[in-house]
Amino acid sequence: MAKVSVVVAMYNAQAWLQRFVVALQNQELDDFEVLMIDDASTDGSAAMVEAVAATDPRFRLIRLSVNSGAGVARNKGIVEATGETICFADPDDLLPERSLEVRYEAYKRYNAVVRACHDEIDGNGSIRNHEKRPAKLPEVFSPADEAARVGVAPFLCAHWTWLFPKSLLHRYAILNGEGMRTAEDIVLLNRLFFHVTRMVWIPDTVYYWMKQKDSLSTTRYSAEHYANYFQCCDIFYTEAKRHKRIELADAFFDDYLSVYPAHLISQAVQGISTEADARQVITAMTSVAERHNVFQRRLPALQKNPTRNAGIQRLWAVLQSKATSSLAKLVESQHMFTRLVQERQFEAIRTLGWNQQVSFDRLDQKARLLRARYLFCDNPPEERFLQNGTPFQPAHTKNRTVYTGRNFTILERILWLPLTGEDNVRYALTVGGLNAGLAHRLSEVQAAFAPAPLDDRAFPPDIRALRHLARSSVMQKKFCNAWMFIDKDTEADDNAEHLYRWVLRNHPKLNAWFVLNRNSHDWKRLESEGFRLVPHGEMEYFALHLNCTHLISSQMDQYIFRPLNECYTSDFVKPRFVCLPHGVTKDDVSDWFNSIPFDLFVAATQDEARSITADQSRYIMSEKEVRLGGFPRYDNWLVPVERENIIFIMPTWRADLVGEWDGKGQRRAKNPHFYSSKFVQMWKGLFDDPRMKQLLTQHSYRVVFFAHPCFEDYIEDMPFPDFVEKRSKRYGSMIDIMRKSKVMITDFSSVAYDMAYMRKPVVYYQYENKSDFTRSQRWVSGYIDYETMGFGPVCRDKDALFAALTDAVRADGVMPEVYQNRAENTFAYHDARCCERAFNFIIEASQPFNAKLQR
């Protein structure tokens with residue numbers, strides 16, 4: 001009798017069989033049998049196994065005449081197995097060499113069912129998820145006794161990491177589910193759960209779950225897949241009732257209600273799941289709840305504390321929803337569920353004081369600063385950062401607001417720790433008296449954050465060609481220590497262009513390149529100035545991105561800082577991302593900014609910098625990343641120019657009016673409803689008002705309507721009178737027109753700050769209030785109060801606008817004193833040295849931090 005029987009359900013597995021067989025033949029335990037149950041494969045799988053069995057008698061092929069599913073195949077293996085113990089494996093996965101050895105040793109030592117751990121492996125070979133043994137489990141235990149503390153789900157999954165005594169399965173007739181699309185293995189664990197009185201969970205990784213694009217375990221779920229999972233809940237309820245542990249079945253059902261509706265929503269977003277799928281899944285969930293009287297039993301507790309069973313609360317919300325669409329009901333419930341889960345997590349942190357888990361998530365290699373983060377309630381615990389036992393101060397700290405609840409606040413503590421000593425220095429951090437997980441030298445920390453090498457042999461041919469080009473001696477020499485500047489892929493004339501021009505003039509030896517679409521209206525202009533241009537989207541551009549040390553841009557869309565799929569390029573060192581933002585940040589866009597890997601962010605105003613870096617703000621950025629220096633384009637505002645009688649009008653963009661975006665560049669699809677929008681009709685109504693033409697004629701003024709770049713494709717067909725000069729950046733520099741203009745009208749645009757820098761009159765025409773505007777932009781209202789902090793009068797209707805505009809025209813482009821004083825208090829600098837400061841910030845941020853001993 002073999003020590004272990006490995007049961008393998010096999011269907012059309014020819015592509016993976018060779019490596020799978022080799023992994024088994026390399027096992028340190030050699031006393032095993034492998035039952036390969038061929039589920040009527042149509043490829044060469046059976047023939048391959050026959051060939052292996054001819055030379056290795058441990059392998060045995062068992063054929064099923066009709067394709068019957070994995071459950072039937074595995075059950076055949078259970079019946080046919082002759083080994084002392086049984087484990088399962090899938091032929092597209094892999095087993096480490098000690099997989100069978102460590103499990104069998106644990107089985108013999110403890111006389112217990114064995115559970116171990118697994119790694120989830122991406123197609124590129126990297127570990128997507130590493131399973132760990134739940135904390136504080138006894139050495140030997142009963143799952144039913146421990147499930148109330150660690151949860152039921154860990155004992156009802158990952159069947160390939162288990163080792164079962166064959167006698168136990170046979171005694172209670174424990175088999176896999178049959179006739180199912182998925183989860184047949186979970187049925188086996190459902191039926192086994194209450195019969196396991198002795199179990200040991202070892203920390204060893206015994207299985208590699210290979211999550212490849214074409215693997216057997218990569219599945220797009222249909223409604224039937226989801227129904228199979230809730231069928232497992234039904235079976236577990238039956239078992240739990242028999243053993244008088246119904247509360248464990250409620251917990252298991254709650255787990256599945258937490259996971260699978262969200263999974264379906266994700267598939268629906270991708271166009272995979274449909275309204276019909278959502279309807280069937282709601283029916284499957286509801287039938288389990290009704291059959292086992294879940295709501296009658298749980299509703300009183302849910303009404304007292306809905307966070308305790310957030311999944312069951314979600315199903316109740318679905319059934320109470322007034323939405324006509326099943327998908328809409330699931331989406332509504334997802335929002336509620338997310339909030340409940342968050343509240344539950346935060347209540348736990350409130351109880352402990354902090355979450356007692358510190359993450360070290362970012363290393364600034366140049367500055368030699370390591371970022372540590374953890375959550376706490378109201379007040380942070382005691383912290384000690386040590387270098388060889390000597391206390392040091394963190395370089396930067398911040399308390400970021402994460403959640404405000406009833407009578408308490410959850411904050412995130414952010415520490416930038418200086419690793420500035422020699423490599424014999426060992427760094428340590430304790431929080432609340434506990435070791436935070438840092439006990440390393442600099443070289444060890446650097447190794448942990450170093451890009452892991454990739455095997456690109458299976459990558460697409462164009463990706464392999466790009467990687468080869470980027471690593472060629474020609475490209476590495478050309479782009480050695482390169483600084484890459486880009487405004488937008490489609491146009492320039494923003495902060496990156498102006499800083500590049502300054503660098504070209506003041507630091508000509510710097511290896512600086514400017515990126516722009518070859519078809520851009522700015523290409524010839526910059527080329528004639530001597531800019532070293534690289535065409536956006538072409539191979540040379542990607543090679544530059546993969547080799548440059550600094551990426552400097554006025555934009556922060558993903559196509560700017562992450563133009564390539566990182567699964568193909570993660571072994572390249574990322575450039576330092578320097579953002580010279582297009583506009584002043586005045587609304588709360590922390591949800592967006594927190595997803596961007598800023599290394600340096602140059603702010604223009606004191607309020608802006610303070611709103612981002614201050615304690616209790618919602619931004620992850622601190623004074624480590626943010627510098628106050630003004631935008632490079634501001635230097636142009638102080639260059640003398642002859643002013644003209646121009647009223648410059650530039651409203652901001654509207655998120656609800658732009659067309660669909662593919663995420664790859666600045667261009668968006670046309671919105672067919674744009675011209676009928678309230679936005680267009682409001683500006684048309686202003687120009688059609690006879691007072692506008694009368695004012696222009698009386699004072700010999702022109703009016704220029706300048707389209708936001710996202711709206712420039714619409715400018716030609718704007719339904720405005722002929723006297724309105726319709727412009728966009730494709731007709732020339734916005735900066736040139738603004739410098740010549742005497743008055744500006746805008747709604748909420750941050751371009752008003754540019755006019756204020758020049759001390760020119762601004763008039764705000766806000767036909768909607770600030771809260772409505774920020775809501776339409778999907779932002780959160782920020783610190784700006786236009787009435788008390790703006791640079792001109794705020795007008796809600798045309799009468800007020802024409803009165804304010806008449807005053808501004810009569811003032812001949814001179815800003816009233818009250819607004820001049822506001823401008824003086826807003827900008828930290830009013831000189832022509834913004835480019836110089838930005839350049840110095842970049843240099844300084846790339847130097848090692850000068851740590852100081854804690855006093």
# chains A, B, ... in the order shown; residues from 1 in each chain; ligands from 1
call {"tool": "closest_atom_pairs", "arguments": {"of": "region 154-271 of chain A", "to": "region 92-107 of chain A", "cutoff": "9 Å", "atoms": "only C-alpha atoms", "output": "CSV"}}
result
residue,atom,partner,partner_atom,distance
A:Thr161,CA,A:Ser99,CA,8.7
A:Trp162,CA,A:Arg103,CA,7.9
A:Leu163,CA,A:Arg103,CA,6.5
A:Phe164,CA,A:Tyr107,CA,8.6
A:Pro165,CA,A:Tyr107,CA,8.4
A:Met199,CA,A:Tyr107,CA,8.9
A:Val200,CA,A:Ala106,CA,7.5
A:Trp201,CA,A:Ala106,CA,8.9
A:Ile202,CA,A:Ala106,CA,7.7
A:Asp204,CA,A:Val102,CA,7.6
A:Thr205,CA,A:Ser99,CA,7.5
A:Val206,CA,A:Ser99,CA,4.3
A:Tyr207,CA,A:Leu95,CA,4.8
A:Tyr208,CA,A:Leu94,CA,5.1
A:Trp209,CA,A:Asp93,CA,5.3
A:Met210,CA,A:Asp93,CA,5.2
A:Lys211,CA,A:Asp93,CA,8.5
A:Ser215,CA,A:Asp92,CA,6.4
A:Leu216,CA,A:Asp92,CA,6.6
A:Ser217,CA,A:Asp92,CA,8.2
call {"tool": "write_last_selection", "arguments": {"atoms": "N, CA and C atoms", "output": "PDB file, in the first residue's frame"}}
result
ATOM      1  N   THR A 161      -4.328  21.394  -1.108  1.00  0.00           N
ATOM      2  CA  THR A 161      -3.303  21.510  -0.057  1.00  0.00           C
ATOM      3  C   THR A 161      -3.554  20.535   1.099  1.00  0.00           C
ATOM      4  N   TRP A 162      -4.615  19.752   1.017  1.00  0.00           N
ATOM      5  CA  TRP A 162      -4.985  18.851   2.104  1.00  0.00           C
ATOM      6  C   TRP A 162      -4.343  17.471   1.907  1.00  0.00           C
ATOM      7  N   LEU A 163      -4.332  16.697   2.975  1.00  0.00           N
ATOM      8  CA  LEU A 163      -4.029  15.265   2.913  1.00  0.00           C
ATOM      9  C   LEU A 163      -5.046  14.562   3.801  1.00  0.00           C
ATOM     10  N   PHE A 164      -5.851  13.662   3.185  1.00  0.00           N
ATOM     11  CA  PHE A 164      -6.951  13.013   3.891  1.00  0.00           C
ATOM     12  C   PHE A 164      -6.617  11.549   4.149  1.00  0.00           C
ATOM     13  N   PRO A 165      -6.874  11.033   5.327  1.00  0.00           N
ATOM     14  CA  PRO A 165      -6.822   9.574   5.507  1.00  0.00           C
ATOM     15  C   PRO A 165      -7.899   8.928   4.627  1.00  0.00           C
ATOM     16  N   MET A 199      -7.081  17.829  13.394  1.00  0.00           N
ATOM     17  CA  MET A 199      -6.535  18.456  12.193  1.00  0.00           C
ATOM     18  C   MET A 199      -5.271  19.206  12.561  1.00  0.00           C
ATOM     19  N   VAL A 200      -4.317  19.247  11.643  1.00  0.00           N
ATOM     20  CA  VAL A 200      -3.111  20.041  11.812  1.00  0.00           C
ATOM     21  C   VAL A 200      -2.928  20.887  10.561  1.00  0.00           C
ATOM     22  N   TRP A 201      -2.609  22.154  10.760  1.00  0.00           N
ATOM     23  CA  TRP A 201      -2.368  23.070   9.625  1.00  0.00           C
ATOM     24  C   TRP A 201      -0.890  23.441   9.658  1.00  0.00           C
ATOM     25  N   ILE A 202      -0.140  22.935   8.697  1.00  0.00           N
ATOM     26  CA  ILE A 202       1.291  23.214   8.662  1.00  0.00           C
ATOM     27  C   ILE A 202       1.551  24.442   7.794  1.00  0.00           C
ATOM     28  N   ASP A 204       3.884  25.043   5.636  1.00  0.00           N
ATOM     29  CA  ASP A 204       4.610  24.802   4.388  1.00  0.00           C
ATOM     30  C   ASP A 204       3.749  25.083   3.159  1.00  0.00           C
ATOM     31  N   THR A 205       4.393  25.625   2.126  1.00  0.00           N
ATOM     32  CA  THR A 205       3.735  25.783   0.825  1.00  0.00           C
ATOM     33  C   THR A 205       3.875  24.467   0.070  1.00  0.00           C
ATOM     34  N   VAL A 206       2.762  23.802  -0.223  1.00  0.00           N
ATOM     35  CA  VAL A 206       2.796  22.474  -0.839  1.00  0.00           C
ATOM     36  C   VAL A 206       2.182  22.461  -2.232  1.00  0.00           C
ATOM     37  N   TYR A 207       1.738  23.629  -2.708  1.00  0.00           N
ATOM     38  CA  TYR A 207       1.044  23.631  -4.000  1.00  0.00           C
ATOM     39  C   TYR A 207       1.229  24.976  -4.672  1.00  0.00           C
ATOM     40  N   TYR A 208       1.469  24.942  -5.975  1.00  0.00           N
ATOM     41  CA  TYR A 208       1.551  26.148  -6.791  1.00  0.00           C
ATOM     42  C   TYR A 208       0.344  26.183  -7.725  1.00  0.00           C
ATOM     43  N   TRP A 209      -0.556  27.120  -7.441  1.00  0.00           N
ATOM     44  CA  TRP A 209      -1.760  27.292  -8.265  1.00  0.00           C
ATOM     45  C   TRP A 209      -1.386  28.242  -9.398  1.00  0.00           C
ATOM     46  N   MET A 210      -1.256  27.709 -10.591  1.00  0.00           N
ATOM     47  CA  MET A 210      -0.735  28.457 -11.730  1.00  0.00           C
ATOM     48  C   MET A 210      -1.882  29.187 -12.431  1.00  0.00           C
ATOM     49  N   LYS A 211      -1.955  30.508 -12.237  1.00  0.00           N
ATOM     50  CA  LYS A 211      -3.042  31.323 -12.797  1.00  0.00           C
ATOM     51  C   LYS A 211      -2.627  31.899 -14.140  1.00  0.00           C
ATOM     52  N   SER A 215      -5.097  28.620 -18.522  1.00  0.00           N
ATOM     53  CA  SER A 215      -5.091  27.473 -17.618  1.00  0.00           C
ATOM     54  C   SER A 215      -6.509  26.992 -17.357  1.00  0.00           C
ATOM     55  N   LEU A 216      -6.607  25.770 -16.822  1.00  0.00           N
ATOM     56  CA  LEU A 216      -7.911  25.185 -16.555  1.00  0.00           C
ATOM     57  C   LEU A 216      -8.660  25.942 -15.474  1.00  0.00           C
ATOM     58  N   SER A 217      -7.924  26.613 -14.581  1.00  0.00           N
ATOM     59  CA  SER A 217      -8.562  27.287 -13.440  1.00  0.00           C
ATOM     60  C   SER A 217      -8.898  28.738 -13.714  1.00  0.00           C
TER      61      SER A 217
END
call {"tool": "select_by_dssp", "arguments": {"residues": "region 119-184 of chain A", "states": "alpha helix (DSSP H)", "output": "PyMOL selection string"}}
result
chain A and resi 143-150+166-171+184
call {"tool": "write_last_selection", "arguments": {"atoms": "N, CA and C atoms", "output": "PDB file, in the first residue's frame"}}
result
ATOM      1  N   PRO A 143     -11.763  21.740  13.282  1.00  0.00           N
ATOM      2  CA  PRO A 143     -12.208  22.937  12.550  1.00  0.00           C
ATOM      3  C   PRO A 143     -13.487  23.547  13.109  1.00  0.00           C
ATOM      4  N   ALA A 144     -14.408  22.699  13.544  1.00  0.00           N
ATOM      5  CA  ALA A 144     -15.670  23.224  14.076  1.00  0.00           C
ATOM      6  C   ALA A 144     -15.445  24.042  15.337  1.00  0.00           C
ATOM      7  N   ASP A 145     -14.393  23.693  16.101  1.00  0.00           N
ATOM      8  CA  ASP A 145     -14.112  24.438  17.323  1.00  0.00           C
ATOM      9  C   ASP A 145     -13.424  25.770  17.034  1.00  0.00           C
ATOM     10  N   GLU A 146     -12.624  25.838  15.968  1.00  0.00           N
ATOM     11  CA  GLU A 146     -11.843  27.042  15.674  1.00  0.00           C
ATOM     12  C   GLU A 146     -12.514  27.981  14.682  1.00  0.00           C
ATOM     13  N   ALA A 147     -13.521  27.494  13.956  1.00  0.00           N
ATOM     14  CA  ALA A 147     -14.113  28.294  12.874  1.00  0.00           C
ATOM     15  C   ALA A 147     -14.775  29.565  13.375  1.00  0.00           C
ATOM     16  N   ALA A 148     -15.317  29.534  14.585  1.00  0.00           N
ATOM     17  CA  ALA A 148     -15.962  30.743  15.100  1.00  0.00           C
ATOM     18  C   ALA A 148     -14.961  31.876  15.256  1.00  0.00           C
ATOM     19  N   ARG A 149     -13.671  31.529  15.461  1.00  0.00           N
ATOM     20  CA  ARG A 149     -12.652  32.553  15.668  1.00  0.00           C
ATOM     21  C   ARG A 149     -11.943  32.941  14.366  1.00  0.00           C
ATOM     22  N   VAL A 150     -11.560  31.946  13.551  1.00  0.00           N
ATOM     23  CA  VAL A 150     -10.786  32.251  12.337  1.00  0.00           C
ATOM     24  C   VAL A 150     -11.637  32.239  11.080  1.00  0.00           C
ATOM     25  N   LYS A 166      -7.518   7.979   3.829  1.00  0.00           N
ATOM     26  CA  LYS A 166      -8.505   7.341   2.947  1.00  0.00           C
ATOM     27  C   LYS A 166      -9.642   6.720   3.761  1.00  0.00           C
ATOM     28  N   SER A 167      -9.290   6.165   4.919  1.00  0.00           N
ATOM     29  CA  SER A 167     -10.310   5.509   5.746  1.00  0.00           C
ATOM     30  C   SER A 167     -11.401   6.483   6.182  1.00  0.00           C
ATOM     31  N   LEU A 168     -11.027   7.744   6.429  1.00  0.00           N
ATOM     32  CA  LEU A 168     -12.008   8.743   6.846  1.00  0.00           C
ATOM     33  C   LEU A 168     -12.993   9.033   5.717  1.00  0.00           C
ATOM     34  N   LEU A 169     -12.489   9.204   4.508  1.00  0.00           N
ATOM     35  CA  LEU A 169     -13.372   9.461   3.362  1.00  0.00           C
ATOM     36  C   LEU A 169     -14.302   8.272   3.132  1.00  0.00           C
ATOM     37  N   HIS A 170     -13.768   7.048   3.226  1.00  0.00           N
ATOM     38  CA  HIS A 170     -14.582   5.864   2.960  1.00  0.00           C
ATOM     39  C   HIS A 170     -15.597   5.632   4.083  1.00  0.00           C
ATOM     40  N   ARG A 171     -15.197   5.894   5.346  1.00  0.00           N
ATOM     41  CA  ARG A 171     -16.099   5.634   6.477  1.00  0.00           C
ATOM     42  C   ARG A 171     -17.384   6.442   6.360  1.00  0.00           C
ATOM     43  N   GLU A 184     -17.102  21.553  -7.066  1.00  0.00           N
ATOM     44  CA  GLU A 184     -17.345  20.174  -6.655  1.00  0.00           C
ATOM     45  C   GLU A 184     -16.422  19.757  -5.505  1.00  0.00           C
TER      46      GLU A 184
END
call {"tool": "atom_distance", "arguments": {"atom1": "CA of Val6 (chain A)", "atom2": "CA of Tyr110 (chain A)"}}
result
20.6 Å
call {"tool": "residues_around", "arguments": {"residues": "His545 (chain A)", "least_positions_apart": "2", "cutoff": "9 Å", "atoms": "only C-alpha atoms", "output": "compact mmCIF listing (two decimals) with N, CA, C and O atoms, in the first residue's frame"}}
result
# COMPACT_ATOMS: atom_id res chain seq x y z
N ALA A 470 15.07 48.48 -25.86
CA ALA A 470 15.33 49.32 -24.68
C ALA A 470 16.64 48.94 -24.00
O ALA A 470 17.33 49.80 -23.44
N MET A 484 12.90 62.93 -19.25
CA MET A 484 11.85 62.94 -20.26
C MET A 484 10.78 63.94 -19.85
O MET A 484 10.21 63.86 -18.76
N GLU A 540 10.74 54.33 -30.07
CA GLU A 540 11.78 55.11 -29.42
C GLU A 540 11.26 55.75 -28.14
O GLU A 540 11.98 55.86 -27.15
N TYR A 541 9.99 56.16 -28.15
CA TYR A 541 9.39 56.75 -26.95
C TYR A 541 9.35 55.73 -25.81
O TYR A 541 9.72 56.03 -24.67
N PHE A 542 8.91 54.51 -26.11
CA PHE A 542 8.85 53.49 -25.07
C PHE A 542 10.25 53.14 -24.56
O PHE A 542 10.44 52.91 -23.35
N ALA A 543 11.22 53.12 -25.46
CA ALA A 543 12.60 52.86 -25.04
C ALA A 543 13.10 53.98 -24.13
O ALA A 543 13.81 53.73 -23.14
N ASN A 547 14.21 53.78 -20.00
CA ASN A 547 15.59 54.08 -19.65
C ASN A 547 15.77 55.39 -18.89
O ASN A 547 16.81 55.57 -18.24
N CYS A 548 14.81 56.29 -18.96
CA CYS A 548 15.02 57.62 -18.36
C CYS A 548 15.02 57.55 -16.84
O CYS A 548 14.44 56.64 -16.24
N THR A 549 15.66 58.51 -16.22
CA THR A 549 15.70 58.58 -14.76
C THR A 549 14.60 59.47 -14.21
O THR A 549 14.19 59.29 -13.06
N HIS A 550 14.13 60.44 -15.00
CA HIS A 550 13.08 61.36 -14.55
C HIS A 550 12.01 61.49 -15.63
O HIS A 550 12.33 61.62 -16.82
N LEU A 551 10.77 61.45 -15.20
CA LEU A 551 9.62 61.72 -16.06
C LEU A 551 8.96 62.97 -15.52
O LEU A 551 8.48 62.99 -14.38
N PHE A 561 2.36 58.21 -16.88
CA PHE A 561 3.35 57.59 -16.01
C PHE A 561 3.37 56.07 -16.10
O PHE A 561 4.28 55.44 -15.58
N PRO A 563 2.70 53.97 -19.34
CA PRO A 563 2.26 53.76 -20.72
C PRO A 563 2.31 52.30 -21.17
O PRO A 563 1.74 51.96 -22.21
N LYS A 574 11.79 52.12 -12.55
CA LYS A 574 10.85 53.18 -12.92
C LYS A 574 11.50 54.56 -12.79
O LYS A 574 12.26 54.81 -11.84
N PRO A 575 11.19 55.48 -13.69
CA PRO A 575 11.71 56.84 -13.54
C PRO A 575 11.02 57.56 -12.39
O PRO A 575 9.90 57.20 -11.98
call {"tool": "atom_distance", "arguments": {"atom1": "CA of Trp354 (chain A)", "atom2": "CA of Val152 (chain A)"}}
result
25.7 Å
call {"tool": "residues_around", "arguments": {"residues": "Ser520 (chain A)", "least_positions_apart": "2", "cutoff": "10 Å", "atoms": "only C-alpha atoms", "output": "PyMOL selection string"}}
result
chain A and resi 488-492+516-518+522-525+535-536+730
call {"tool": "write_last_selection", "arguments": {"atoms": "N, CA, C and O atoms", "output": "PDB file, in the first residue's frame"}}
result
ATOM      1  N   LYS A 488       1.096  66.895 -22.872  1.00  0.00           N
ATOM      2  CA  LYS A 488       0.139  65.884 -23.316  1.00  0.00           C
ATOM      3  C   LYS A 488       0.710  65.218 -24.555  1.00  0.00           C
ATOM      4  O   LYS A 488       1.612  65.752 -25.207  1.00  0.00           O
ATOM      5  N   ASP A 489       0.181  64.074 -24.893  1.00  0.00           N
ATOM      6  CA  ASP A 489       0.652  63.428 -26.114  1.00  0.00           C
ATOM      7  C   ASP A 489       0.299  64.267 -27.343  1.00  0.00           C
ATOM      8  O   ASP A 489       1.017  64.256 -28.341  1.00  0.00           O
ATOM      9  N   THR A 490      -0.798  65.040 -27.255  1.00  0.00           N
ATOM     10  CA  THR A 490      -1.298  65.762 -28.420  1.00  0.00           C
ATOM     11  C   THR A 490      -0.823  67.202 -28.511  1.00  0.00           C
ATOM     12  O   THR A 490      -0.933  67.814 -29.576  1.00  0.00           O
ATOM     13  N   GLU A 491      -0.336  67.774 -27.414  1.00  0.00           N
ATOM     14  CA  GLU A 491       0.035  69.187 -27.445  1.00  0.00           C
ATOM     15  C   GLU A 491       1.012  69.520 -26.324  1.00  0.00           C
ATOM     16  O   GLU A 491       1.168  68.760 -25.359  1.00  0.00           O
ATOM     17  N   ALA A 492       1.659  70.666 -26.463  1.00  0.00           N
ATOM     18  CA  ALA A 492       2.615  71.144 -25.459  1.00  0.00           C
ATOM     19  C   ALA A 492       2.081  72.449 -24.869  1.00  0.00           C
ATOM     20  O   ALA A 492       0.911  72.549 -24.534  1.00  0.00           O
ATOM     21  N   LEU A 516       6.178  64.211 -27.776  1.00  0.00           N
ATOM     22  CA  LEU A 516       4.990  64.817 -28.382  1.00  0.00           C
ATOM     23  C   LEU A 516       4.571  63.960 -29.571  1.00  0.00           C
ATOM     24  O   LEU A 516       5.424  63.365 -30.246  1.00  0.00           O
ATOM     25  N   ASN A 517       3.265  63.923 -29.808  1.00  0.00           N
ATOM     26  CA  ASN A 517       2.777  63.229 -30.998  1.00  0.00           C
ATOM     27  C   ASN A 517       3.316  63.909 -32.246  1.00  0.00           C
ATOM     28  O   ASN A 517       3.292  65.138 -32.364  1.00  0.00           O
ATOM     29  N   ARG A 518       3.787  63.111 -33.194  1.00  0.00           N
ATOM     30  CA  ARG A 518       4.392  63.652 -34.412  1.00  0.00           C
ATOM     31  C   ARG A 518       3.415  64.521 -35.206  1.00  0.00           C
ATOM     32  O   ARG A 518       3.820  65.443 -35.926  1.00  0.00           O
ATOM     33  N   ASP A 522       1.946  71.415 -32.348  1.00  0.00           N
ATOM     34  CA  ASP A 522       3.112  72.029 -31.712  1.00  0.00           C
ATOM     35  C   ASP A 522       4.443  71.450 -32.193  1.00  0.00           C
ATOM     36  O   ASP A 522       5.503  71.961 -31.838  1.00  0.00           O
ATOM     37  N   TRP A 523       4.396  70.359 -32.967  1.00  0.00           N
ATOM     38  CA  TRP A 523       5.634  69.659 -33.323  1.00  0.00           C
ATOM     39  C   TRP A 523       6.607  70.569 -34.064  1.00  0.00           C
ATOM     40  O   TRP A 523       7.767  70.731 -33.676  1.00  0.00           O
ATOM     41  N   LYS A 524       6.152  71.195 -35.143  1.00  0.00           N
ATOM     42  CA  LYS A 524       7.064  72.022 -35.959  1.00  0.00           C
ATOM     43  C   LYS A 524       7.569  73.227 -35.177  1.00  0.00           C
ATOM     44  O   LYS A 524       8.724  73.641 -35.323  1.00  0.00           O
ATOM     45  N   ARG A 525       6.712  73.804 -34.343  1.00  0.00           N
ATOM     46  CA  ARG A 525       7.131  74.961 -33.558  1.00  0.00           C
ATOM     47  C   ARG A 525       8.288  74.603 -32.630  1.00  0.00           C
ATOM     48  O   ARG A 525       9.301  75.330 -32.556  1.00  0.00           O
ATOM     49  N   PRO A 535       8.850  61.063 -30.785  1.00  0.00           N
ATOM     50  CA  PRO A 535       7.426  60.911 -31.118  1.00  0.00           C
ATOM     51  C   PRO A 535       6.699  60.011 -30.126  1.00  0.00           C
ATOM     52  O   PRO A 535       7.116  58.878 -29.876  1.00  0.00           O
ATOM     53  N   HIS A 536       5.622  60.515 -29.568  1.00  0.00           N
ATOM     54  CA  HIS A 536       4.839  59.747 -28.600  1.00  0.00           C
ATOM     55  C   HIS A 536       4.232  58.518 -29.283  1.00  0.00           C
ATOM     56  O   HIS A 536       3.759  58.574 -30.411  1.00  0.00           O
ATOM     57  N   ARG A 730      -4.692  74.464 -30.807  1.00  0.00           N
ATOM     58  CA  ARG A 730      -4.242  74.146 -32.158  1.00  0.00           C
ATOM     59  C   ARG A 730      -4.130  75.400 -33.030  1.00  0.00           C
ATOM     60  O   ARG A 730      -3.541  75.375 -34.102  1.00  0.00           O
TER      61      ARG A 730
END
call {"tool": "residues_around", "arguments": {"residues": "Leu499 (chain A)", "least_positions_apart": "3", "cutoff": "7 Å", "atoms": "only C-alpha atoms", "output": "PyMOL selection string"}}
result
chain A and resi 495-496+502-503+632+835
call {"tool": "write_last_selection", "arguments": {"atoms": "N, CA and C atoms", "output": "PDB file, in the first residue's frame"}}
result
ATOM      1  N   ASN A 495       3.548  73.451 -18.509  1.00  0.00           N
ATOM      2  CA  ASN A 495       4.694  73.563 -17.613  1.00  0.00           C
ATOM      3  C   ASN A 495       5.900  72.737 -18.038  1.00  0.00           C
ATOM      4  N   ALA A 496       5.660  71.560 -18.611  1.00  0.00           N
ATOM      5  CA  ALA A 496       6.801  70.740 -19.038  1.00  0.00           C
ATOM      6  C   ALA A 496       7.556  71.424 -20.171  1.00  0.00           C
ATOM      7  N   TRP A 502      13.772  76.169 -20.392  1.00  0.00           N
ATOM      8  CA  TRP A 502      14.706  76.756 -19.428  1.00  0.00           C
ATOM      9  C   TRP A 502      15.920  75.849 -19.246  1.00  0.00           C
ATOM     10  N   VAL A 503      15.694  74.531 -19.147  1.00  0.00           N
ATOM     11  CA  VAL A 503      16.799  73.575 -18.999  1.00  0.00           C
ATOM     12  C   VAL A 503      17.689  73.608 -20.231  1.00  0.00           C
ATOM     13  N   PRO A 632       6.208  76.528 -13.740  1.00  0.00           N
ATOM     14  CA  PRO A 632       7.190  77.079 -14.695  1.00  0.00           C
ATOM     15  C   PRO A 632       6.601  78.057 -15.696  1.00  0.00           C
ATOM     16  N   CYS A 835      10.861  78.357 -12.899  1.00  0.00           N
ATOM     17  CA  CYS A 835      11.600  77.279 -13.568  1.00  0.00           C
ATOM     18  C   CYS A 835      12.842  76.906 -12.765  1.00  0.00           C
TER      19      CYS A 835
END
call {"tool": "closest_residue", "arguments": {"among": "A:Ile646, A:Leu533, A:Val34, A:Leu696", "to": "Ile745 (chain A)", "atoms": "only C-alpha atoms"}}
result
A:Ile646
call {"tool": "atom_distance", "arguments": {"atom1": "CA of Gln365 (chain A)", "atom2": "CA of Trp416 (chain A)"}}
result
12.3 Å
call {"tool": "residues_around", "arguments": {"residues": "Val703 (chain A)", "least_positions_apart": "5", "cutoff": "12 Å", "atoms": "only C-alpha atoms", "output": "VMD selection string"}}
result
chain A and resid 644 to 650 686 to 687 692 to 693 695 to 697 720 to 727 737 to 738 741 to 745 805 809
